[in-house]
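First up is the structure itself, then whatever we jot down about it.
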Amino acid sequence: MVWMALASFLAWVYLCFAHGRFWTGSERLDEGAPDPDPWPEVVAVVPARDEADVIERAVRSLLAQSYPGVFSVVLVDDESRDDTARRALRVAAEPSAVHRLDVRRTAPRPEGWVGKMWAVHTGLEVAREARPNARYVLLTDADVAHSRRSLMRLVRHAEDGSLDLTSLMVELDASVGWARLLIPAFVYFFAQLYPFSRVNDSATRTAGAAGGCMLVRRAALDRVGGVEPLKGEVIDDCALARAVKRGGSIWLGWTRTERSIRPYDGLGEIWNMVARSAYTQLDHRPTFAVGTLLGLALLFVVPVASALGTTLHGSAEAAWLGVATWALMAATFLPTVGRYHSGPGAPLWALALPLAGVLYGAMTADSVRRHALGRGAEWKGRVGAGAADASRVATRSEAG
């Protein structure tokens, strides 16, 4: 037990001090960047599926941008089963949206395309025809509300840094229930997987982006062939970041002013969100999945078992190592907790990180199970790249 506790402690020492400062949250837009002259034209592409509850607020936040240049929005209804299209058209009929908001519906989805990528591709084609002079494309989700100066700040940063892709991790809703623990942990684990400082370093191969807010230079999109090469990608934002970084510059940072306005309805919704993509993140390799689960056990189960299980293992050394490791991981989680919770009891959430780690491990195991059953990447009533492709997903999982 002492050796396991020591291994866990050393792993957390590495993560804290040598893993790209992933936990500090220091990557922010440069507010001192100069204004471009002139301001380039930008067109937003918004894929939307079953977003009736939030679509009007999200679209209005885009139309309300205080952007000095030309800016327009293309919203693509991705075969929604609710009132998304009608509510978007209602916004398009408002005086402030005339000639600035174009609402389209996707054609039948070709085999091999995931729904979101087909919707983005549709929007990009519409934007290219309607706005051929746009220098940038803003790819944003239909549940994200932008502050009035969001686009202005993004363009300043991109122009000043000659960036091909500028992305922000928007604030997710962590106001109720299980989301209070699991959403900050989700953001923390994302940053651990894609340390922002390494993403932003052109000398490293680490590439990541947050799909809720991505400003992409159109020339870079053309260089990588648009989104067609990514048509089957479930984790499409990071796939795009990898493609763009191979020949350009990308940047990923934090924001407190752009936020997701969709609340998470209980543990099940968060579970499904993770389980749909976790095994894809592991490249559908059983050995990677086993290694990940063992790694999560080392990082989150061993410290707690060492600290609280003295009566079972009988080692004071293991207990003290467990306490030190638990304290170290909690300290790295505190900056993320502080972005989502306030008040005297807020720091206590940091102590619950091991519970979040165990739950995310269970979600990863469930993701493997779903792929084995041919239900991989199931989301909003669809499986992966379409029902016709489900058997190939299962076959790939079985083949490892």
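Chain lettering (A, B, ...) mirrors the order of the structure tokens, residue numbering begins at 1 for each chain separately, and ligand numbering begins at 1 in order of display.
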
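Every protein, DNA or RNA residue with an atom at most 12 Å from Gly225 (chain A), where only C-alpha atoms count and chain neighbours fewer than 6 positions away do not, is listed here: A:His121, A:Leu124, A:Arg218, A:Ala219, A:Lys231, A:Leu240, A:Ala243, A:Val244.
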
Those in region 256-310 of chain A with alpha helix (DSSP H) from DSSP, as a ChimeraX atom specification: /A:266-275,278-281,286-296,302-308,310

For N, CA and C atoms, I'd like the residues from the last selection saved as a CSV table (one decimal), in the first residue's frame.
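So the final result, stored in result-v6.csv, reads:
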chain,number,residue,atom,x,y,z
A,266,GLY,N,-29.9,16.6,-14.2
A,266,GLY,CA,-29.6,15.4,-13.4
A,266,GLY,C,-28.3,14.7,-13.9
A,267,LEU,N,-28.0,13.6,-13.1
A,267,LEU,CA,-26.8,12.8,-13.4
A,267,LEU,C,-26.8,12.2,-14.8
A,268,GLY,N,-28.0,11.7,-15.2
A,268,GLY,CA,-28.1,11.0,-16.5
A,268,GLY,C,-27.7,11.8,-17.7
A,269,GLU,N,-28.0,13.1,-17.7
A,269,GLU,CA,-27.6,13.9,-18.9
A,269,GLU,C,-26.1,14.1,-19.0
A,270,ILE,N,-25.5,14.3,-17.8
A,270,ILE,CA,-24.0,14.5,-17.8
A,270,ILE,C,-23.4,13.1,-18.1
A,271,TRP,N,-23.9,12.1,-17.6
A,271,TRP,CA,-23.4,10.7,-17.9
A,271,TRP,C,-23.4,10.4,-19.4
A,272,ASN,N,-24.5,10.7,-20.0
A,272,ASN,CA,-24.6,10.5,-21.5
A,272,ASN,C,-23.7,11.3,-22.3
A,273,MET,N,-23.5,12.6,-21.8
A,273,MET,CA,-22.6,13.5,-22.5
A,273,MET,C,-21.2,12.9,-22.6
A,274,VAL,N,-20.8,12.4,-21.4
A,274,VAL,CA,-19.4,11.8,-21.4
A,274,VAL,C,-19.3,10.5,-22.0
A,275,ALA,N,-20.3,9.6,-21.8
A,275,ALA,CA,-20.2,8.2,-22.3
A,275,ALA,C,-20.3,8.2,-23.8
A,278,ALA,N,-16.3,9.2,-24.7
A,278,ALA,CA,-15.1,8.8,-23.9
A,278,ALA,C,-14.3,7.8,-24.6
A,279,TYR,N,-15.0,6.7,-25.2
A,279,TYR,CA,-14.2,5.7,-25.8
A,279,TYR,C,-13.7,6.2,-27.2
A,280,THR,N,-14.4,7.1,-27.8
A,280,THR,CA,-13.8,7.7,-29.0
A,280,THR,C,-12.5,8.4,-28.7
A,281,GLN,N,-12.5,9.2,-27.6
A,281,GLN,CA,-11.3,9.8,-27.2
A,281,GLN,C,-10.1,8.9,-27.0
A,286,PRO,N,-9.3,-1.1,-26.6
A,286,PRO,CA,-9.5,-1.7,-25.2
A,286,PRO,C,-8.3,-1.5,-24.3
A,287,THR,N,-7.1,-1.6,-24.9
A,287,THR,CA,-5.9,-1.4,-24.0
A,287,THR,C,-5.8,0.0,-23.4
A,288,PHE,N,-6.2,1.0,-24.2
A,288,PHE,CA,-6.2,2.4,-23.7
A,288,PHE,C,-7.3,2.5,-22.7
A,289,ALA,N,-8.4,1.9,-22.9
A,289,ALA,CA,-9.5,2.0,-21.9
A,289,ALA,C,-9.1,1.4,-20.5
A,290,VAL,N,-8.5,0.2,-20.6
A,290,VAL,CA,-8.0,-0.4,-19.4
A,290,VAL,C,-6.9,0.4,-18.7
A,291,GLY,N,-6.0,0.9,-19.5
A,291,GLY,CA,-5.0,1.8,-18.9
A,291,GLY,C,-5.6,3.1,-18.3
A,292,THR,N,-6.6,3.6,-18.9
A,292,THR,CA,-7.2,4.8,-18.4
A,292,THR,C,-7.9,4.5,-17.0
A,293,LEU,N,-8.6,3.4,-17.0
A,293,LEU,CA,-9.3,3.1,-15.7
A,293,LEU,C,-8.4,2.8,-14.6
A,294,LEU,N,-7.2,2.1,-14.9
A,294,LEU,CA,-6.2,1.9,-13.9
A,294,LEU,C,-5.6,3.2,-13.4
A,295,GLY,N,-5.4,4.1,-14.4
A,295,GLY,CA,-4.8,5.4,-14.1
A,295,GLY,C,-5.7,6.2,-13.2
A,296,LEU,N,-7.0,6.2,-13.5
A,296,LEU,CA,-8.0,6.9,-12.7
A,296,LEU,C,-8.0,6.3,-11.2
A,302,VAL,N,-6.7,5.4,-4.8
A,302,VAL,CA,-5.6,5.1,-3.9
A,302,VAL,C,-5.4,6.1,-2.9
A,303,PRO,N,-5.4,7.4,-3.2
A,303,PRO,CA,-5.2,8.4,-2.1
A,303,PRO,C,-6.3,8.3,-1.0
A,304,VAL,N,-7.5,8.2,-1.4
A,304,VAL,CA,-8.6,8.1,-0.4
A,304,VAL,C,-8.5,6.9,0.4
A,305,ALA,N,-8.3,5.7,-0.3
A,305,ALA,CA,-8.1,4.5,0.4
A,305,ALA,C,-6.9,4.5,1.4
A,306,SER,N,-5.9,5.1,1.0
A,306,SER,CA,-4.7,5.2,1.8
A,306,SER,C,-5.0,6.1,3.0
A,307,ALA,N,-5.7,7.2,2.8
A,307,ALA,CA,-5.9,8.2,3.9
A,307,ALA,C,-6.9,7.7,4.9
A,308,LEU,N,-8.0,7.0,4.4
A,308,LEU,CA,-9.1,6.6,5.3
A,308,LEU,C,-9.0,5.2,5.7
A,310,THR,N,-6.7,3.2,7.2
A,310,THR,CA,-5.6,2.8,8.1
A,310,THR,C,-5.9,1.5,8.8

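Using only C-alpha atoms, the nearest neighbour of Pro184 (chain A) within the list A:Pro344, A:Pro110, A:Pro95, A:Gly338 is A:Gly338.
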
DSSP strand (DSSP E) selection over region 88-170 of chain A, as a count of residues only: 18

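Here the question is which of A:His341, A:Arg148, A:Arg246, A:Arg87 gets nearest to Val199 (chain A) using only C-alpha atoms, and that residue is A:Arg246.
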
At most 12 Å is the cut-off: for each residue in region 304-390 of chain A with any atom that close to an atom of region 12-16 of chain A, write down the nearest atom pair and the distance in Å rounded to one decimal, counting only C-alpha atoms, chain first then increasing number, as a tab-separated table.
residue	atom	partner	partner_atom	distance
A:Leu321	CA	A:Trp12	CA	11.3
A:Gly322	CA	A:Trp12	CA	11.1
A:Ala324	CA	A:Trp12	CA	9.9
A:Thr325	CA	A:Trp12	CA	6.8
A:Trp326	CA	A:Trp12	CA	9.1
A:Ala327	CA	A:Trp12	CA	10.1
A:Leu328	CA	A:Trp12	CA	7.0
A:Met329	CA	A:Trp12	CA	6.7
A:Ala330	CA	A:Trp12	CA	10.4
A:Ala331	CA	A:Cys16	CA	9.0
A:Thr332	CA	A:Cys16	CA	6.7
A:Phe333	CA	A:Cys16	CA	10.1

Selected residue of minimal separation from Val120 (chain A) among A:Gly20, A:Gly226, A:Gly248, A:Gly177, counting only C-alpha atoms: A:Gly226

Find the nearest atom pair between each residue of region 158-205 of chain A and region 345-353 of chain A for residues within 10 Å, count only C-alpha atoms, give distances in Å to one decimal, sort rows by chain and ascending number, and present the table as a Markdown table.
| residue | atom | partner | partner_atom | distance |
| --- | --- | --- | --- | --- |
| A:Arg180 | CA | A:Trp349 | CA | 8.5 |
| A:Leu181 | CA | A:Trp349 | CA | 6.9 |
| A:Leu182 | CA | A:Leu353 | CA | 8.8 |
| A:Pro184 | CA | A:Trp349 | CA | 9.5 |
| A:Ala185 | CA | A:Leu353 | CA | 7.0 |
| A:Tyr188 | CA | A:Leu353 | CA | 9.8 |

If we count only C-alpha atoms and set the cut-off at 7 Å, which residues sit around Ile55 (chain A), ignoring sequence neighbours fewer than 5 positions away in its own chain? Please answer as an mmCIF file with N, CA and C atoms, in the first residue's frame.
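So the final result, stored in part12.cif, reads:
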data_model
loop_
_atom_site.group_PDB
_atom_site.id
_atom_site.type_symbol
_atom_site.label_atom_id
_atom_site.label_comp_id
_atom_site.auth_asym_id
_atom_site.auth_seq_id
_atom_site.Cartn_x
_atom_site.Cartn_y
_atom_site.Cartn_z
ATOM 1 N N THR A 84 -37.318 24.189 -32.628
ATOM 2 C CA THR A 84 -36.110 24.987 -32.850
ATOM 3 C C THR A 84 -36.209 25.852 -34.101
ATOM 4 N N ALA A 88 -36.293 29.997 -34.344
ATOM 5 C CA ALA A 88 -35.206 30.707 -35.019
ATOM 6 C C ALA A 88 -35.746 31.603 -36.127
ATOM 7 N N ALA A 142 -25.517 26.233 -30.263
ATOM 8 C CA ALA A 142 -26.828 26.890 -30.176
ATOM 9 C C ALA A 142 -27.294 27.091 -28.748
ATOM 10 N N ASP A 143 -26.495 26.717 -27.776
ATOM 11 C CA ASP A 143 -26.872 26.952 -26.381
ATOM 12 C C ASP A 143 -25.904 27.904 -25.683
#

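Residues surrounding Glu27 (chain A) within 10 Å are Phe22, Leu168, Phe196, Ser197, Asn200, Trp251, Leu252, Gly253, Trp254 and Thr255 of chain A [only C-alpha atoms; sequence separation below 5 positions excluded].
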
Close residues, Ala97 (chain A) itself excluded, 10 Å, only C-alpha atoms, min 4 positions apart in chain, as a ChimeraX atom specification: /A:59-60,63-64,72-73,89-93,101-102

Written file, previous selection with C-alpha atoms, as an mmCIF file, in the first residue's frame:
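Done, and the output landed in out.cif:
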data_model
loop_
_atom_site.group_PDB
_atom_site.id
_atom_site.type_symbol
_atom_site.label_atom_id
_atom_site.label_comp_id
_atom_site.auth_asym_id
_atom_site.auth_seq_id
_atom_site.Cartn_x
_atom_site.Cartn_y
_atom_site.Cartn_z
ATOM 1 C CA VAL A 59 -29.132 33.893 -31.462
ATOM 2 C CA ARG A 60 -30.120 37.274 -30.033
ATOM 3 C CA LEU A 63 -27.180 39.679 -33.216
ATOM 4 C CA ALA A 64 -26.530 42.069 -30.328
ATOM 5 C CA SER A 72 -23.928 37.981 -39.993
ATOM 6 C CA VAL A 73 -25.265 34.642 -38.745
ATOM 7 C CA LEU A 89 -37.339 31.926 -37.923
ATOM 8 C CA ARG A 90 -39.275 34.091 -35.497
ATOM 9 C CA VAL A 91 -36.024 35.814 -34.518
ATOM 10 C CA ALA A 92 -35.045 36.130 -38.189
ATOM 11 C CA ALA A 93 -38.238 38.084 -38.848
ATOM 12 C CA LEU A 101 -29.713 36.020 -39.883
ATOM 13 C CA ASP A 102 -30.171 33.216 -42.400
#
